[in-house]
Amino acid sequence: MKGQDTMDISSQEIEAIVRKVIAGINPATNVTPDIPAIKSPKYTGDNGVFERVEEAVEAAWKAQRDWVTNYKVEDRHRIVEAIRRCGRDHVEEWSHLIVEETQMGRYEDKVEKHLAVINKTPGPECLTTEAISGDAGLMIEEYAPFGVIGSITPTTNPTETMIHNTISMISGGNSIVFNVHPRAKRVCAECLQALHKAIVDAGGPANLITMLREPTMDTVDMLTSNPKVRLMTGTGGMGMVNALLRSGKKCIGAGAGNPPVIVDETADVELAARKIYEGASFDNNILCFAEKEVFVVSPNYEGFIHNIQKQGAYLLNNSQVEALVKICLEPNKNQSGYEVNKKWVGKNAALILAQIGVQVEDSCRLAVCEVPADHPFVLVEQMMPVLPIVRCSTFEEAMEKAVIAEQGNRHTSSIFSKDVDHMTRFARLIETTIYVKNSCTKAGVGIGGEGHCTMTIAGPTGEGITNAKSFCRRRRCMLAEGGLRII
Ligand code: NAD
């Protein structure tokens, strides 16, 4: 235009700027301003949010009876589609609210996580019936609901877990009472009420999904001991999972991880550095399946350090590592002698580094440090964008140290290698639920990888990458006397 400056800017760039503005990030500096006060909830009335456990369970119980008695499978499909549409409409809003309320993670990565669970959590179509017909008749085995499910959700993926569990559990004919993390209860109430409205607007029963307005440890106990709750699921740390396992109720536990990565002597170090930088910095490393420590076999060590710095990682020196241990960890009586300082979980690398006087651009998403295998940064599940790297002389040494670091969680691990024998040996030794070769560990839950998505990875109880099948009972129906057999 005459008399004015013009510039070439693509529609993707415009969209990226708009997304940043929605998230409150200054597009010019990429700096997130001080987090504003939480807005008051948009939804009023119950809409599935209850004050008392008994009321929530009773309402969810009635809804579940209605759901299995008066609705067809095609209704389940329609309502799951309505949930997906509702989720897509709210992705930006919920991602923004999570950052406000939990003060953890990165807005743009939360958008990606939400889209993954919305689009890639299977619905009722995964509940396939098995049939055997023979001389003695016809046998079918079907996936039947448990009934009311109690669902405990984490602060690290609050609404992402709520969306995944809602799609999976109601696809299986269940209803839900959520006991969400107290530090994410406002955004979870927003999400639950929007999903609840979507279900009702699409013709589904009210209170198919419910939650407690003030979730506490006591409400967890009350939910677990309520006889109308037939299954408890817990997504979070091992303290909560172990408490559920001791309860005597049927439970599905999705617990902590501390995923190790091996970069062996045959690996493509450029690829390894690029993927590890991407995965370990995703949402500031708060995901249970994110890369938490790297074991590099000697010939590739310098190349890996060089390449990860080229990606943008800041390499800490020894005195900076010592200073950071005092900030990020707190003394404890457990194996490593430390536990994580929750104040710094999920914070941006630039903010964490500023605490020890290191100034980096906010675009620096990850700090890395060279440490021995018994360093607390290796053994403590930090959930911060500070990644320890351990030099190993041999592949065998890397495997041994990686298994120790994983601490028997059997959650997630990965390897960068071109040696198939190495890939197989490490998989057999570490026995993790998710095992990724030559990519980010998030590929293991379908984010940049094949396969369906979940935010409830049930390692301790064995359901693995959960979907609707995981939250169902197997029921057999027999028709005797060669019934319906036509061959
Ligand atoms: P957290 O254990 O502090 O809280 C998780 C939930 O459990 C919350 O709702 C909390 O209120 C409840 N809770 C905590 N202790 C409890 C107890 N003793 N009894 C009953 N309920 C209890 O975890 P978080 O900080 O929200 O999330 C981070 C942890 O969760 C990490 O360890 C991470 O690895 C793990 N996680 C695992 C998965 C998975 O799918 N396996 C997914 C997300 C997070």
# chains A, B, ... in the order shown; residues from 1 in each chain; ligands from 1
$ select_by_dssp --residues "region 120-264 of chain A" --states "strand (DSSP E or B)" --output "PyMOL selection string"
chain A and resi 130-134+137-145+148-152+175-179+209-212+229-235+251-254+260-263
$ residues_near_ligand --ligand "ligand 1" --cutoff "6 Å" --atoms "only C-alpha atoms and all ligand atoms" --output "ChimeraX atom specification"
/A:152-156,180-182,217,220,235-237,239-240,243,254-257,288,455-458
$ write_last_selection --atoms "C-alpha atoms" --output "mmCIF file, in the first residue's frame"
data_model
loop_
_atom_site.group_PDB
_atom_site.id
_atom_site.type_symbol
_atom_site.label_atom_id
_atom_site.label_comp_id
_atom_site.auth_asym_id
_atom_site.auth_seq_id
_atom_site.Cartn_x
_atom_site.Cartn_y
_atom_site.Cartn_z
ATOM 1 C CA ILE A 152 -8.168 -39.412 40.173
ATOM 2 C CA THR A 153 -6.339 -37.067 37.810
ATOM 3 C CA PRO A 154 -2.975 -35.270 37.952
ATOM 4 C CA THR A 155 -1.956 -31.644 37.919
ATOM 5 C CA THR A 156 0.436 -32.189 35.003
ATOM 6 C CA VAL A 180 -9.152 -33.950 40.223
ATOM 7 C CA HIS A 181 -5.910 -32.481 41.533
ATOM 8 C CA PRO A 182 -6.734 -29.618 43.938
ATOM 9 C CA MET A 217 -7.561 -36.963 50.076
ATOM 10 C CA VAL A 220 -10.587 -40.010 47.453
ATOM 11 C CA THR A 235 -3.288 -41.162 37.225
ATOM 12 C CA GLY A 236 -0.436 -39.505 39.119
ATOM 13 C CA GLY A 237 2.445 -40.228 41.466
ATOM 14 C CA GLY A 239 1.996 -42.450 46.546
ATOM 15 C CA MET A 240 -1.526 -42.182 45.176
ATOM 16 C CA ALA A 243 -2.774 -46.017 48.217
ATOM 17 C CA ALA A 254 -1.062 -45.054 36.076
ATOM 18 C CA GLY A 255 2.018 -44.056 38.044
ATOM 19 C CA ALA A 256 5.312 -42.203 37.869
ATOM 20 C CA GLY A 257 8.038 -42.663 35.296
ATOM 21 C CA CYS A 288 5.495 -38.798 32.872
ATOM 22 C CA MET A 455 -2.789 -39.622 29.140
ATOM 23 C CA THR A 456 -3.383 -42.626 31.436
ATOM 24 C CA ILE A 457 -0.491 -45.052 31.006
ATOM 25 C CA ALA A 458 -1.297 -47.895 33.348
#
$ residues_around --residues "Pro158 (chain A)" --least-positions-apart "2" --cutoff "12 Å" --atoms "only C-alpha atoms" --output "JSON, numbers by chain"
{"A": [94, 95, 97, 98, 99, 101, 102, 104, 105, 110, 113, 114, 151, 152, 153, 154, 155, 156, 160, 161, 162, 163, 164, 165, 178, 179, 180, 181, 182, 183, 184, 185, 186, 187, 188, 189, 190, 191, 192, 235, 236, 286, 287, 455, 456]}
$ select_by_dssp --residues "region 326-429 of chain A" --states "alpha helix (DSSP H)" --output "PyMOL selection string"
chain A and resi 326-328+349-354+376-379+395-406+420-429
$ write_last_selection --atoms "N, CA and C atoms" --output "CSV table (one decimal), in the first residue's frame"
chain,number,residue,atom,x,y,z
A,326,LYS,N,20.6,-27.2,44.5
A,326,LYS,CA,20.1,-26.6,45.7
A,326,LYS,C,18.7,-25.9,45.5
A,327,ILE,N,18.5,-25.5,44.2
A,327,ILE,CA,17.2,-24.8,43.9
A,327,ILE,C,16.1,-25.8,43.5
A,328,CYS,N,16.5,-26.8,42.7
A,328,CYS,CA,15.5,-27.7,42.1
A,328,CYS,C,15.1,-28.9,43.0
A,349,ALA,N,12.9,-23.1,31.2
A,349,ALA,CA,14.4,-23.2,31.5
A,349,ALA,C,14.9,-21.8,31.8
A,350,ALA,N,14.5,-20.8,31.1
A,350,ALA,CA,15.1,-19.4,31.3
A,350,ALA,C,14.8,-19.0,32.8
A,351,LEU,N,13.7,-19.3,33.3
A,351,LEU,CA,13.3,-18.9,34.6
A,351,LEU,C,14.1,-19.6,35.7
A,352,ILE,N,14.3,-20.9,35.4
A,352,ILE,CA,15.0,-21.8,36.4
A,352,ILE,C,16.5,-21.3,36.4
A,353,LEU,N,17.1,-21.1,35.2
A,353,LEU,CA,18.5,-20.7,35.1
A,353,LEU,C,18.7,-19.3,35.7
A,354,ALA,N,17.7,-18.5,35.6
A,354,ALA,CA,17.9,-17.1,36.2
A,354,ALA,C,18.1,-17.2,37.7
A,376,PRO,N,21.7,-37.0,41.7
A,376,PRO,CA,20.2,-36.9,42.0
A,376,PRO,C,19.4,-36.4,40.8
A,377,PHE,N,20.0,-35.6,39.9
A,377,PHE,CA,19.2,-35.2,38.7
A,377,PHE,C,18.8,-36.5,37.8
A,378,VAL,N,19.7,-37.5,38.0
A,378,VAL,CA,19.4,-38.8,37.2
A,378,VAL,C,18.3,-39.6,37.9
A,379,LEU,N,18.4,-39.6,39.3
A,379,LEU,CA,17.5,-40.6,40.0
A,379,LEU,C,16.2,-40.0,40.5
A,395,PHE,N,27.9,-50.1,25.6
A,395,PHE,CA,26.5,-50.2,25.5
A,395,PHE,C,26.0,-50.9,26.8
A,396,GLU,N,26.7,-51.9,27.2
A,396,GLU,CA,26.3,-52.7,28.4
A,396,GLU,C,26.2,-51.8,29.6
A,397,GLU,N,27.2,-51.0,29.8
A,397,GLU,CA,27.2,-50.0,30.9
A,397,GLU,C,26.0,-49.1,30.8
A,398,ALA,N,25.7,-48.6,29.6
A,398,ALA,CA,24.6,-47.7,29.4
A,398,ALA,C,23.3,-48.4,29.8
A,399,MET,N,23.1,-49.7,29.4
A,399,MET,CA,21.9,-50.4,29.7
A,399,MET,C,21.7,-50.6,31.2
A,400,GLU,N,22.8,-51.0,31.9
A,400,GLU,CA,22.8,-51.2,33.3
A,400,GLU,C,22.4,-49.9,34.1
A,401,LYS,N,23.0,-48.8,33.7
A,401,LYS,CA,22.7,-47.5,34.4
A,401,LYS,C,21.3,-47.0,34.1
A,402,ALA,N,20.9,-47.3,32.9
A,402,ALA,CA,19.5,-46.8,32.5
A,402,ALA,C,18.5,-47.6,33.3
A,403,VAL,N,18.7,-48.9,33.5
A,403,VAL,CA,17.7,-49.7,34.2
A,403,VAL,C,17.7,-49.2,35.7
A,404,ILE,N,18.8,-48.9,36.3
A,404,ILE,CA,18.8,-48.4,37.7
A,404,ILE,C,18.1,-47.1,37.7
A,405,ALA,N,18.3,-46.2,36.8
A,405,ALA,CA,17.7,-44.9,36.8
A,405,ALA,C,16.2,-45.0,36.6
A,406,GLU,N,15.7,-46.0,35.9
A,406,GLU,CA,14.2,-46.2,35.7
A,406,GLU,C,13.5,-46.6,36.9
A,420,VAL,N,20.0,-53.4,15.6
A,420,VAL,CA,18.7,-54.0,16.0
A,420,VAL,C,18.9,-54.9,17.2
A,421,ASP,N,20.1,-55.5,17.3
A,421,ASP,CA,20.4,-56.4,18.5
A,421,ASP,C,20.4,-55.5,19.7
A,422,HIS,N,21.0,-54.3,19.7
A,422,HIS,CA,21.0,-53.4,20.8
A,422,HIS,C,19.5,-53.0,21.2
A,423,MET,N,18.7,-52.7,20.2
A,423,MET,CA,17.3,-52.3,20.4
A,423,MET,C,16.6,-53.4,21.2
A,424,THR,N,16.8,-54.7,20.7
A,424,THR,CA,16.1,-55.8,21.3
A,424,THR,C,16.6,-56.1,22.8
A,425,ARG,N,17.9,-56.0,22.9
A,425,ARG,CA,18.5,-56.3,24.3
A,425,ARG,C,18.0,-55.3,25.3
A,426,PHE,N,18.0,-54.0,24.9
A,426,PHE,CA,17.6,-53.0,25.9
A,426,PHE,C,16.1,-53.2,26.2
A,427,ALA,N,15.3,-53.4,25.2
A,427,ALA,CA,13.8,-53.6,25.4
A,427,ALA,C,13.6,-54.8,26.4
A,428,ARG,N,14.3,-55.9,26.3
A,428,ARG,CA,14.1,-57.0,27.1
A,428,ARG,C,14.6,-56.8,28.6
A,429,LEU,N,15.6,-56.0,28.7
A,429,LEU,CA,16.1,-55.7,30.0
A,429,LEU,C,15.3,-54.7,30.8
$ residues_around --residues "region 264-280 of chain A" --least-positions-apart "6" --cutoff "8 Å" --atoms "only C-alpha atoms" --output "list of chain:residue names"
A:Ala290, A:Glu291, A:Lys292, A:Val296, A:Val297, A:Ser298, A:Pro299, A:Asn300, A:Gly303, A:Phe304, A:Ile305, A:Asn307, A:Ile308, A:Gln311, A:Ala313, A:Leu366, A:Pro385, A:Leu387, A:Phe395, A:Ile415, A:Phe416, A:Ser417, A:Lys418, A:Asp419, A:Asn438, A:Ser439, A:Cys440, A:Thr441, A:Lys442
$ residues_around --residues "Gly87 (chain A)" --least-positions-apart "5" --cutoff "10 Å" --atoms "only C-alpha atoms" --output "list in words"
Glu81, Ala82, Glu92, Glu93, Trp94, His114, Leu115, Val117, Ile118, Asn119, Thr159, Glu160, Ile163, Cys191, Ala194, Leu195 and Ala198 of chain A
$ residues_around --residues "Arg106 (chain A)" --least-positions-apart "3" --cutoff "10 Å" --atoms "only C-alpha atoms" --output "PyMOL selection string"
chain A and resi 23+32+95-96+98-99+103+109-111+281-286+346-348+365
$ write_last_selection --atoms "C-alpha atoms" --output "short mmCIF file (atom, residue, chain, number, x, y, z; two decimals), in the first residue's frame"
data_model
loop_
_atom_site.label_atom_id
_atom_site.label_comp_id
_atom_site.auth_asym_id
_atom_site.auth_seq_id
_atom_site.Cartn_x
_atom_site.Cartn_y
_atom_site.Cartn_z
CA ALA A 23 -2.12 -17.17 25.35
CA THR A 32 4.74 -14.64 28.99
CA SER A 95 -4.55 -24.61 27.65
CA HIS A 96 -4.37 -21.00 28.77
CA ILE A 98 -4.03 -24.58 32.93
CA VAL A 99 -0.94 -22.38 32.66
CA GLN A 103 1.79 -22.26 36.71
CA ASP A 109 2.53 -27.68 23.93
CA LYS A 110 -0.68 -27.97 25.94
CA VAL A 111 -2.61 -27.15 22.76
CA SER A 281 11.53 -29.75 26.56
CA PHE A 282 7.91 -30.50 25.53
CA ASP A 283 5.60 -28.81 28.06
CA ASN A 284 8.73 -28.17 30.16
CA ASN A 285 9.23 -31.91 30.80
CA ILE A 286 6.18 -32.40 33.08
CA GLY A 346 7.29 -27.33 34.83
CA LYS A 347 8.86 -23.86 34.80
CA ASN A 348 10.61 -22.48 31.70
CA ARG A 365 13.78 -24.58 26.04
#
$ atom_distance --atom1 "CA of Ala63 (chain A)" --atom2 "CA of Ala206 (chain A)"
6.5 Å
$ atom_distance --atom1 "CA of Pro145 (chain A)" --atom2 "CA of Arg475 (chain A)"
9.6 Å
$ residues_around --residues "Glu481 (chain A)" --least-positions-apart "3" --cutoff "12 Å" --atoms "only C-alpha atoms" --output "PyMOL selection string"
chain A and resi 133-139+478+484-485
$ write_last_selection --atoms "N, CA, C and O atoms" --output "tab-separated table (two decimals), in the first residue's frame"
chain	number	residue	atom	x	y	z
A	133	SER	N	-17.84	-69.96	16.89
A	133	SER	CA	-18.97	-70.85	16.66
A	133	SER	C	-18.42	-72.24	16.35
A	133	SER	O	-17.40	-72.39	15.69
A	134	GLY	N	-19.07	-73.26	16.91
A	134	GLY	CA	-18.60	-74.63	16.71
A	134	GLY	C	-19.72	-75.61	16.95
A	134	GLY	O	-20.88	-75.21	17.09
A	135	ASP	N	-19.36	-76.91	17.03
A	135	ASP	CA	-20.39	-77.94	17.20
A	135	ASP	C	-21.20	-77.74	18.47
A	135	ASP	O	-22.38	-78.10	18.52
A	136	ALA	N	-20.55	-77.15	19.49
A	136	ALA	CA	-21.26	-77.01	20.77
A	136	ALA	C	-22.02	-75.69	20.88
A	136	ALA	O	-22.57	-75.37	21.93
A	137	GLY	N	-22.05	-74.90	19.82
A	137	GLY	CA	-22.85	-73.68	19.88
A	137	GLY	C	-22.08	-72.43	19.51
A	137	GLY	O	-21.07	-72.49	18.80
A	138	LEU	N	-22.57	-71.31	20.00
A	138	LEU	CA	-21.97	-70.01	19.68
A	138	LEU	C	-21.58	-69.32	20.99
A	138	LEU	O	-22.36	-69.28	21.94
A	139	MET	N	-20.36	-68.82	20.99
A	139	MET	CA	-19.88	-68.08	22.16
A	139	MET	C	-19.51	-66.67	21.72
A	139	MET	O	-18.82	-66.51	20.71
A	478	MET	N	-23.26	-67.42	25.96
A	478	MET	CA	-23.24	-68.70	25.26
A	478	MET	C	-24.62	-69.02	24.67
A	478	MET	O	-25.63	-68.83	25.33
A	484	LEU	N	-27.21	-70.93	15.47
A	484	LEU	CA	-26.83	-69.95	14.45
A	484	LEU	C	-25.66	-70.39	13.58
A	484	LEU	O	-25.18	-69.62	12.76
A	485	ARG	N	-25.18	-71.64	13.73
A	485	ARG	CA	-24.05	-72.08	12.91
A	485	ARG	C	-24.56	-72.47	11.54
A	485	ARG	O	-25.48	-73.27	11.43
$ closest_residue --among "A:Gly444, A:Arg65, A:Asp89, A:Pro124" --to "His77 (chain A)" --atoms "only C-alpha atoms"
A:Pro124
$ closest_residue --among "A:Leu223, A:Ala468, A:Ala480, A:Ile176" --to "Val49 (chain A)" --atoms "only C-alpha atoms"
A:Ile176
$ closest_residue --among "A:Gly357, A:Pro388, A:Gly253, A:Pro372" --to "Asn409 (chain A)" --atoms "only C-alpha atoms"
A:Gly253
$ decode --residues "region 38-82 of chain A" --atoms "N, CA and C atoms" --output "CSV table (one decimal), in the first residue's frame"
chain,number,residue,atom,x,y,z
A,38,ILE,N,-7.2,-15.7,38.1
A,38,ILE,CA,-8.1,-16.6,37.5
A,38,ILE,C,-9.5,-16.0,37.3
A,39,LYS,N,-10.0,-16.2,36.1
A,39,LYS,CA,-11.4,-15.7,35.8
A,39,LYS,C,-12.4,-16.5,36.6
A,40,SER,N,-13.5,-15.9,36.9
A,40,SER,CA,-14.6,-16.7,37.6
A,40,SER,C,-15.2,-17.7,36.6
A,41,PRO,N,-15.7,-18.9,37.0
A,41,PRO,CA,-16.2,-19.9,36.1
A,41,PRO,C,-17.3,-19.4,35.3
A,42,LYS,N,-17.3,-19.8,34.0
A,42,LYS,CA,-18.3,-19.4,33.0
A,42,LYS,C,-19.7,-20.1,33.3
A,43,TYR,N,-19.6,-21.3,33.7
A,43,TYR,CA,-20.8,-22.1,33.9
A,43,TYR,C,-21.3,-22.0,35.3
A,44,THR,N,-22.6,-21.9,35.4
A,44,THR,CA,-23.2,-21.8,36.7
A,44,THR,C,-24.1,-23.0,36.9
A,45,GLY,N,-24.6,-23.2,38.1
A,45,GLY,CA,-25.4,-24.4,38.4
A,45,GLY,C,-24.6,-25.6,38.5
A,46,ASP,N,-25.2,-26.8,38.6
A,46,ASP,CA,-24.4,-28.0,38.8
A,46,ASP,C,-23.6,-28.4,37.6
A,47,ASN,N,-24.3,-28.7,36.5
A,47,ASN,CA,-23.6,-29.2,35.3
A,47,ASN,C,-22.5,-30.3,35.6
A,48,GLY,N,-22.9,-31.1,36.6
A,48,GLY,CA,-22.0,-32.2,36.9
A,48,GLY,C,-21.0,-32.0,38.0
A,49,VAL,N,-21.0,-30.8,38.6
A,49,VAL,CA,-20.0,-30.5,39.7
A,49,VAL,C,-20.8,-30.6,41.0
A,50,PHE,N,-20.3,-31.4,41.9
A,50,PHE,CA,-21.1,-31.7,43.2
A,50,PHE,C,-20.2,-31.3,44.4
A,51,GLU,N,-21.0,-31.0,45.4
A,51,GLU,CA,-20.3,-30.6,46.7
A,51,GLU,C,-19.9,-31.9,47.5
A,52,ARG,N,-20.8,-32.9,47.4
A,52,ARG,CA,-20.6,-34.1,48.3
A,52,ARG,C,-20.4,-35.3,47.5
A,53,VAL,N,-19.6,-36.2,48.0
A,53,VAL,CA,-19.2,-37.4,47.3
A,53,VAL,C,-20.5,-38.3,47.0
A,54,GLU,N,-21.3,-38.5,48.1
A,54,GLU,CA,-22.5,-39.3,47.9
A,54,GLU,C,-23.4,-38.8,46.8
A,55,GLU,N,-23.6,-37.5,46.8
A,55,GLU,CA,-24.5,-36.9,45.7
A,55,GLU,C,-23.9,-37.2,44.3
A,56,ALA,N,-22.6,-37.0,44.2
A,56,ALA,CA,-22.0,-37.2,42.9
A,56,ALA,C,-22.1,-38.7,42.5
A,57,VAL,N,-21.8,-39.6,43.4
A,57,VAL,CA,-21.9,-41.0,43.1
A,57,VAL,C,-23.3,-41.4,42.7
A,58,GLU,N,-24.3,-40.9,43.5
A,58,GLU,CA,-25.7,-41.3,43.3
A,58,GLU,C,-26.1,-40.8,41.9
A,59,ALA,N,-25.8,-39.5,41.6
A,59,ALA,CA,-26.1,-38.9,40.3
A,59,ALA,C,-25.5,-39.7,39.1
A,60,ALA,N,-24.2,-40.0,39.3
A,60,ALA,CA,-23.5,-40.8,38.2
A,60,ALA,C,-24.0,-42.2,38.1
A,61,TRP,N,-24.4,-42.8,39.2
A,61,TRP,CA,-25.0,-44.1,39.2
A,61,TRP,C,-26.3,-44.1,38.4
A,62,LYS,N,-27.2,-43.2,38.7
A,62,LYS,CA,-28.5,-43.1,37.9
A,62,LYS,C,-28.2,-42.9,36.4
A,63,ALA,N,-27.2,-42.0,36.1
A,63,ALA,CA,-26.9,-41.7,34.7
A,63,ALA,C,-26.4,-42.9,34.0
A,64,GLN,N,-25.6,-43.7,34.7
A,64,GLN,CA,-25.0,-44.9,34.1
A,64,GLN,C,-26.1,-46.0,33.8
A,65,ARG,N,-27.1,-46.1,34.8
A,65,ARG,CA,-28.2,-47.1,34.5
A,65,ARG,C,-28.9,-46.6,33.3
A,66,ASP,N,-29.2,-45.3,33.2
A,66,ASP,CA,-29.9,-44.8,32.0
A,66,ASP,C,-29.1,-45.0,30.7
A,67,TRP,N,-27.8,-44.8,30.8
A,67,TRP,CA,-26.8,-44.9,29.7
A,67,TRP,C,-26.8,-46.3,29.1
A,68,VAL,N,-26.8,-47.3,30.0
A,68,VAL,CA,-26.7,-48.7,29.5
A,68,VAL,C,-28.1,-49.3,29.1
A,69,THR,N,-29.1,-48.7,29.7
A,69,THR,CA,-30.5,-49.2,29.5
A,69,THR,C,-31.2,-48.6,28.3
A,70,ASN,N,-31.1,-47.3,28.2
A,70,ASN,CA,-31.9,-46.6,27.2
A,70,ASN,C,-31.2,-46.0,26.0
A,71,TYR,N,-29.9,-46.2,25.9
A,71,TYR,CA,-29.1,-45.7,24.8
A,71,TYR,C,-28.5,-46.8,24.0
A,72,LYS,N,-28.3,-46.5,22.7
A,72,LYS,CA,-27.7,-47.5,21.8
A,72,LYS,C,-26.3,-47.2,21.6
A,73,VAL,N,-25.6,-48.2,20.9
A,73,VAL,CA,-24.2,-47.9,20.6
A,73,VAL,C,-24.0,-46.7,19.7
A,74,GLU,N,-25.0,-46.5,18.8
A,74,GLU,CA,-24.9,-45.3,17.9
A,74,GLU,C,-25.0,-44.0,18.7
A,75,ASP,N,-25.7,-44.1,19.8
A,75,ASP,CA,-25.7,-42.9,20.7
A,75,ASP,C,-24.4,-42.6,21.3
A,76,ARG,N,-23.7,-43.7,21.7
A,76,ARG,CA,-22.3,-43.5,22.2
A,76,ARG,C,-21.4,-42.8,21.2
A,77,HIS,N,-21.5,-43.3,19.9
A,77,HIS,CA,-20.7,-42.7,18.9
A,77,HIS,C,-21.0,-41.2,18.7
A,78,ARG,N,-22.3,-40.9,18.7
A,78,ARG,CA,-22.7,-39.5,18.5
A,78,ARG,C,-22.2,-38.6,19.6
A,79,ILE,N,-22.3,-39.1,20.8
A,79,ILE,CA,-22.0,-38.3,22.0
A,79,ILE,C,-20.4,-38.1,22.1
A,80,VAL,N,-19.7,-39.2,21.7
A,80,VAL,CA,-18.3,-39.0,21.7
A,80,VAL,C,-17.8,-38.0,20.7
A,81,GLU,N,-18.5,-38.0,19.5
A,81,GLU,CA,-18.2,-37.0,18.5
A,81,GLU,C,-18.5,-35.6,19.1
A,82,ALA,N,-19.6,-35.4,19.8
A,82,ALA,CA,-19.9,-34.1,20.4
A,82,ALA,C,-18.8,-33.7,21.4
